[in-house]
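Data from upload.cif: mmCIF, C-alpha atoms
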```
data_run
#
loop_
_atom_site.group_PDB
_atom_site.id
_atom_site.type_symbol
_atom_site.label_atom_id
_atom_site.label_comp_id
_atom_site.auth_asym_id
_atom_site.auth_seq_id
_atom_site.Cartn_x
_atom_site.Cartn_y
_atom_site.Cartn_z
ATOM 1 C CA MET A 56 28.587 71.855 28.647
ATOM 2 C CA VAL A 57 25.616 69.665 29.484
ATOM 3 C CA ASP A 58 23.617 69.557 32.713
ATOM 4 C CA GLY A 59 21.495 66.667 33.912
ATOM 5 C CA ASP A 60 19.563 64.911 31.185
ATOM 6 C CA SER A 61 19.878 67.684 28.597
ATOM 7 C CA LYS A 62 21.693 66.846 25.395
ATOM 8 C CA PRO A 63 23.318 69.375 23.080
ATOM 9 C CA PHE A 64 21.932 69.882 19.594
ATOM 10 C CA SER A 65 23.743 67.969 16.885
ATOM 11 C CA ILE A 66 25.940 69.876 14.445
ATOM 12 C CA GLU A 67 23.301 69.189 11.782
ATOM 13 C CA ARG A 68 20.523 70.659 13.975
ATOM 14 C CA CYS A 69 22.676 73.708 14.708
ATOM 15 C CA ARG A 70 23.140 74.212 10.979
ATOM 16 C CA GLU A 71 19.346 74.031 10.521
ATOM 17 C CA LEU A 72 18.827 76.599 13.277
ATOM 18 C CA LEU A 73 21.468 78.912 11.838
ATOM 19 C CA GLY A 74 19.870 78.657 8.386
ATOM 20 C CA THR A 75 21.514 81.025 5.940
ATOM 21 C CA GLU A 76 23.703 82.376 8.760
ATOM 22 C CA ASP A 77 25.657 79.076 8.524
ATOM 23 C CA SER A 78 27.284 80.196 5.250
ATOM 24 C CA GLY A 79 30.089 77.666 5.112
ATOM 25 C CA LEU A 80 31.095 77.458 8.781
ATOM 26 C CA SER A 81 33.189 74.434 9.696
ATOM 27 C CA ASP A 82 31.982 71.826 12.177
ATOM 28 C CA GLU A 83 34.501 73.204 14.675
ATOM 29 C CA GLU A 84 33.090 76.712 14.287
ATOM 30 C CA ILE A 85 29.527 75.400 14.703
ATOM 31 C CA GLU A 86 30.666 73.518 17.834
ATOM 32 C CA ALA A 87 32.177 76.716 19.264
ATOM 33 C CA ILE A 88 28.916 78.581 18.627
ATOM 34 C CA ARG A 89 26.966 75.754 20.253
ATOM 35 C CA VAL A 90 29.164 75.791 23.382
ATOM 36 C CA GLN A 91 28.988 79.589 23.699
ATOM 37 C CA THR A 92 25.226 79.611 23.167
ATOM 38 C CA ASP A 93 24.748 76.935 25.815
ATOM 39 C CA ALA A 94 26.875 78.914 28.272
ATOM 40 C CA TRP A 95 24.873 82.101 27.634
ATOM 41 C CA ALA A 96 21.598 80.212 28.046
ATOM 42 C CA HIS A 97 22.746 79.004 31.483
ATOM 43 C CA VAL A 98 23.825 82.512 32.509
ATOM 44 C CA LEU A 99 20.516 84.034 31.422
ATOM 45 C CA LEU A 100 18.526 81.309 33.143
ATOM 46 C CA ASP A 101 20.490 81.831 36.373
ATOM 47 C CA ILE A 102 19.830 85.591 36.200
ATOM 48 C CA TYR A 103 16.112 85.021 35.578
ATOM 49 C CA LEU A 104 15.768 82.519 38.433
ATOM 50 C CA ASP A 105 17.668 84.815 40.799
ATOM 51 C CA GLN A 106 15.346 87.706 39.895
ATOM 52 C CA GLN A 107 12.327 85.494 40.526
ATOM 53 C CA ARG A 108 13.691 84.482 43.946
ATOM 54 C CA GLN A 109 14.344 88.121 44.843
ATOM 55 C CA GLU A 110 10.856 89.145 43.714
ATOM 56 C CA ARG A 111 9.298 86.357 45.771
ATOM 57 C CA ALA A 112 11.370 87.336 48.822
ATOM 58 C CA ARG A 113 10.186 90.960 48.440
ATOM 59 C CA GLU A 114 6.557 89.784 48.223
ATOM 60 C CA VAL A 115 6.933 87.692 51.369
ATOM 61 C CA ALA A 116 8.680 90.536 53.196
ATOM 62 C CA THR A 117 5.948 92.966 52.138
ATOM 63 C CA ASN A 118 3.191 90.590 53.247
ATOM 64 C CA GLU A 119 4.911 89.948 56.581
ATOM 65 C CA ARG A 120 5.986 93.537 57.298
ATOM 66 C CA GLY A 121 5.122 94.530 60.817
ATOM 67 C CA SER A 122 3.943 91.120 61.934
ATOM 68 C CA ILE A 123 5.670 88.746 64.315
ATOM 69 C CA PRO A 124 4.975 85.091 63.552
ATOM 70 C CA VAL A 125 3.935 82.907 66.465
ATOM 71 C CA TRP A 126 4.866 79.238 66.239
ATOM 72 C CA SER A 127 3.519 76.263 68.114
ATOM 73 C CA GLU A 128 5.818 73.806 69.858
ATOM 74 C CA ASN A 129 5.606 71.401 66.901
ATOM 75 C CA GLY A 130 6.801 74.103 64.501
ATOM 76 C CA SER A 131 3.513 74.979 62.788
ATOM 77 C CA ARG A 132 2.536 78.595 62.521
ATOM 78 C CA LEU A 133 -0.385 79.598 64.737
ATOM 79 C CA LYS A 134 -0.923 83.279 63.961
ATOM 80 C CA SER A 135 0.830 86.595 63.570
ATOM 81 C CA LYS A 136 0.836 89.314 66.201
ATOM 82 C CA SER A 137 1.203 92.961 65.227
#
```
Represent the supplied structure as structure tokens.
Amino acid sequence: MVDGDSKPFSIERCRELLGTEDSGLSDEEIEAIRVQTDAWAHVLLDIYLDQQRQERAREVATNERGSIPVWSENGSRLKSKS
């Protein structure tokens, strides 16, 4: 599971990262751990980014509460009316 330009760690690098936790795992087992870890990293990143978007939307909504934006004909914002 690889997105964009990212490349998965090699089996050797995974073994280094696992350190003593490696304890005789086969290459296939290391590969399975690598795939599962990559999937979890994507899930956690998606959750984090979604939370950031929601937080930003709340900030914008709080800042804009009660105001009505007024737009010029060319689409730029002129001012807000309360």
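Selection check: the PyMOL selection byres ((chain A and resi 82) around 12) on the shown file gives Ser65, Ile66, Glu67, Arg68, Cys69, Arg70, Asp77, Ser78, Gly79, Leu80, Ser81, Glu83, Glu84, Ile85, Glu86, Ala87, Ile88 and Arg89 of chain A.
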Quiz item: Between CA of Leu72 in chain A and CA of Leu100 in chain A, what is the distance, to one decimal in Å?
Solution: 20.4 Å
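Picture a line from CA of His97 in chain A to CA of Pro63 in chain A; it runs 12.8 Å.
If you look at CA of Asp93 in chain A and CA of Ser61 in chain A, they are 10.8 Å away from each other.
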Per-axis box centre and lengths in Å around range 97-114 of chain A, 5 Å margin per side, axis-aligned, as JSON:
```
{"center_x": 15.2, "center_y": 85.0, "center_z": 40.1, "size_x": 27.3, "size_y": 22.0, "size_z": 27.4}
```
